[in-house]
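Beneath this line is the structure, given in structure tokens, with notes to follow.
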Amino acid sequence: MLTRRPTPAELEQALSLVPDNQAFYAGAWQGAAQGKTFTVCNPLNQQPLKAVPDCGPDEAALAIQASASAQVSWRALTARQRADGLRRWYEALLAHEAELALLMTLEQGKPLAESLGEVRYGASFLEWFGEEAKRIYGETIPAFKAGTRILVTPEPVGVCAIATPWNFPIAMMTRKVGAALAAGCSVNVKPAAETPLCALALVRLAEQAGLPPNVIQVLPTTEPEPLFQVFQQSPVVRKLSFTGSTKVGQLLMREAATTLKRVSLELGGNAPFVVFEAADIRSAVQGAMQSKFRNMGQTCVCANRFLVQRAIYPAFAHALAEAMKELRCGDGLEPGIDQGPLIHARALHKVESHVADALAKGARCVLGGSRPASDSPFFQPTLLLDASPDMLVFKEETFGPVAALMPFDSEEDALRRANDTPFGLAAYVYTQNIAQALRVAEGLECGMVAINEGILSSEVAPFGGIKASGMGREGSRHGVQEYVQLKYVLLGGL
Ligand code: SIN
């Protein structure tokens, strides 16, 4: 499938995974009550792909009711039964991985090989959380009074509202929904307006896999605020999980306070990629390429600031430039393409403004620096040297294929600069000196550190940040706990 361009019939088949103009809520595939729709377009050329319902407060209210009754029966199943359902859904994703990957490249733009990787990565959360469902243990505690026992039992938090981002439209949904379902919760998903097709395809496959109706509902919308406020204001909805910007995360957290919902927030990052002179430069360049250019730089965990020890700065910059020259931009459906279009014009403008700001403040552009043409949906892989902390490329998440390098002198200097940000999601460190690796990993203020590796995401490990990057963990055994609340039972009269 990756050695040739998919045929029109294959693309048609991928799109047919999603029913025309229907969302799944309140027990049925149906349109929005007022008949409103919007069209999902290919970011490559703005060609329309499919119309979907434009849901709003009315649909959200119906979904909450349906979700509440579905949750009662879902939590009553045995853990084994929930695990079996998640397993069947996992298998359905894998059975349809080729179509799902095509759908993702069509609506999101990432190269097909990456889309396929994401489908498998996304499926892995369903497998993982299905297994974890059977291991959500309680405890007994030595009692404080004779004739009593203390039991602590894990219970599902209940109905959940989940908002997923466009950059990983499948994996970010399964990472949340898999954990919620394992715990016995029901979920209402609001996918990003750019990528609702993947979310709708997933719920269709869940239905085919025999998951009960309304345990997962998907409500696409172009107006997230009024729709999500219905979830936020409802006392029936007990949990909010959001992946997206820090600004929106702060707003959602404030709103969630009114009904005191549990909150998980996976927000922006500003990952430092620190290369010490004790690094293996080849491996550091390989890691930099993976971390920086995955999904065209549109990941929360991608390297945003390259800090390189002065002695190896020229060698690293040269090797990175050579590797970057090999990247090919184009239609992600074509074999051999490494970089697809950015998601939309706003994303392109942001990247352009970051590069312009860096150049105005003294950075040197040695590769790329612009779109190939003024109306192009691509941004050329860009290498900026001599960046500094006052530049936007160092202060904010660029979310594009721009590598900005800055030299540092000592380990203390590197650590101080790496931590000089309100964000704290991921960090990358390259050094062959194990003592240095551990010292720096311990000193970094963030939720995740990769040492001598460029990709750290996996269903088995806890993904999440600290500081302005949010709270809560996804994936791993910790991911399920976000959807579990404890009940203490004191058993007397024994
Ligand atoms: C993200 O960008 O938020 C997630 C990327 C990942 O799971 O690796």
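Here, A, B, ... name the chains of the structure tokens in the order displayed, residue numbers run from 1 inside each chain, and ligands are numbered from 1 in the same displayed order.
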Subject >> Shell of 9 Å around ligand 1 (only C-alpha atoms and all ligand atoms), written as a count of residues only >> reply: 28
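Interatomic distance, atom CA of A:Asn21 to atom CA of A:Ser115: 23.7 Å.
The interatomic distance for the pair atom CA of A:Gln339 and atom CA of A:Cys41 works out to 18.4 Å.
For the residues A:Glu352, A:Pro407, A:Leu494, A:Leu202, ranking by smallest atom-to-atom distance to A:Gly147 using only C-alpha atoms places A:Leu494 first.
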Original post:
Within 6 Å of A:Val52, counting only C-alpha atoms, which residues qualify if same-chain residues fewer than 3 places away don't, as JSON, numbers by chain?
Top reply: {"A": [21, 22, 37, 38]}
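With only C-alpha atoms as the atoms that count, the minimum distance from A:Leu197 to the choices A:Pro43, A:Gly109, A:Pro19, A:Pro401 is reached by A:Pro19.
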Original post:
Looking at A:Ala163, A:Val230, A:Ala414, A:Ala76, which one is nearest to A:Phe276, with distances taken over only C-alpha atoms?
Top reply: A:Ala414
Subject >> Top pick for closest residue to A:Glu131, considering A:Val285, A:Leu491, A:Asp20, A:Val460 and counting only C-alpha atoms >> reply: A:Val460
Subject >> Shell around A:Ala70 at 12 Å using only C-alpha atoms, local window under 2 positions removed, as a PyMOL selection string >> reply: chain A and resi 25-27+63-68+72-77+158-160+181+184-188+211-217
**OP:** Please identify all polymer residues within 9 Å of A:Leu252, counting only C-alpha atoms, omitting same-chain residues fewer than 3 positions from it, and present them as a list in words.
**Re:** Gln229, Gln232, Leu240, Phe242, Lys247, Val248, Gly249, Glu255, Ala256, Ala257 and Val263 of chain A
Original post:
stretch 38-244 of chain A: which residues are strand (DSSP E or B) by DSSP, as an MDAnalysis selection string?
Top reply: chainID A and resid 38:41 48:53 139:141 149:156 159:163 186:190 216:218 237:243
**OP:** Please indicate the distance in Å from atom CA of A:Ile343 to atom CA of A:Ile170, rounded to one decimal place.
**Re:** 15.6 Å
Subject >> Non-local contacts of stretch 375-379 of chain A (8 Å; only C-alpha atoms; under 6 positions in same chain excluded) as a ChimeraX atom specification >> reply: /A:43-45,329-330,339-342,344-345,348,369,400-401
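The shortest atom-to-atom distance to A:Ala60, with only C-alpha atoms taken into account, belongs to A:Phe228 out of A:Tyr430, A:Phe228, A:Tyr483, A:Trp128.
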**OP:** Name all residues at most 12 Å from A:Leu405 (count only C-alpha atoms; drop same-chain ones fewer than 3 positions away) and give them as a count of residues only.
**Re:** 39
I need the residues in stretch 431-470 of chain A that are helix (DSSP H, G or I) according to DSSP; give them as a PDB file with N, CA and C atoms, in the first residue's frame.
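See part-v8.pdb below for the written result:
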ATOM      1  N   ILE A 434      26.191   8.528  31.327  1.00  0.00           N
ATOM      2  CA  ILE A 434      25.000   8.098  32.045  1.00  0.00           C
ATOM      3  C   ILE A 434      24.730   8.960  33.280  1.00  0.00           C
ATOM      4  N   ALA A 435      25.806   9.368  33.938  1.00  0.00           N
ATOM      5  CA  ALA A 435      25.614  10.214  35.126  1.00  0.00           C
ATOM      6  C   ALA A 435      24.997  11.549  34.710  1.00  0.00           C
ATOM      7  N   GLN A 436      25.509  12.071  33.631  1.00  0.00           N
ATOM      8  CA  GLN A 436      24.956  13.340  33.138  1.00  0.00           C
ATOM      9  C   GLN A 436      23.493  13.159  32.727  1.00  0.00           C
ATOM     10  N   ALA A 437      23.212  12.043  32.046  1.00  0.00           N
ATOM     11  CA  ALA A 437      21.837  11.782  31.590  1.00  0.00           C
ATOM     12  C   ALA A 437      20.878  11.776  32.779  1.00  0.00           C
ATOM     13  N   LEU A 438      21.272  11.096  33.849  1.00  0.00           N
ATOM     14  CA  LEU A 438      20.383  11.007  35.007  1.00  0.00           C
ATOM     15  C   LEU A 438      20.249  12.342  35.718  1.00  0.00           C
ATOM     16  N   ARG A 439      21.376  13.037  35.864  1.00  0.00           N
ATOM     17  CA  ARG A 439      21.326  14.360  36.516  1.00  0.00           C
ATOM     18  C   ARG A 439      20.374  15.282  35.768  1.00  0.00           C
ATOM     19  N   VAL A 440      20.527  15.289  34.448  1.00  0.00           N
ATOM     20  CA  VAL A 440      19.721  16.226  33.655  1.00  0.00           C
ATOM     21  C   VAL A 440      18.256  15.792  33.652  1.00  0.00           C
ATOM     22  N   ALA A 441      18.018  14.483  33.509  1.00  0.00           N
ATOM     23  CA  ALA A 441      16.622  14.004  33.516  1.00  0.00           C
ATOM     24  C   ALA A 441      15.946  14.404  34.828  1.00  0.00           C
ATOM     25  N   GLU A 442      16.678  14.270  35.926  1.00  0.00           N
ATOM     26  CA  GLU A 442      16.088  14.634  37.228  1.00  0.00           C
ATOM     27  C   GLU A 442      15.882  16.141  37.358  1.00  0.00           C
ATOM     28  N   GLY A 443      16.739  16.910  36.716  1.00  0.00           N
ATOM     29  CA  GLY A 443      16.641  18.373  36.845  1.00  0.00           C
ATOM     30  C   GLY A 443      15.617  19.004  35.917  1.00  0.00           C
TER      31      GLY A 443
END
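Closest to A:Ala32 among A:Leu219, A:Gln13, A:Ala98, A:Phe144 is A:Leu219, based on only C-alpha atoms.
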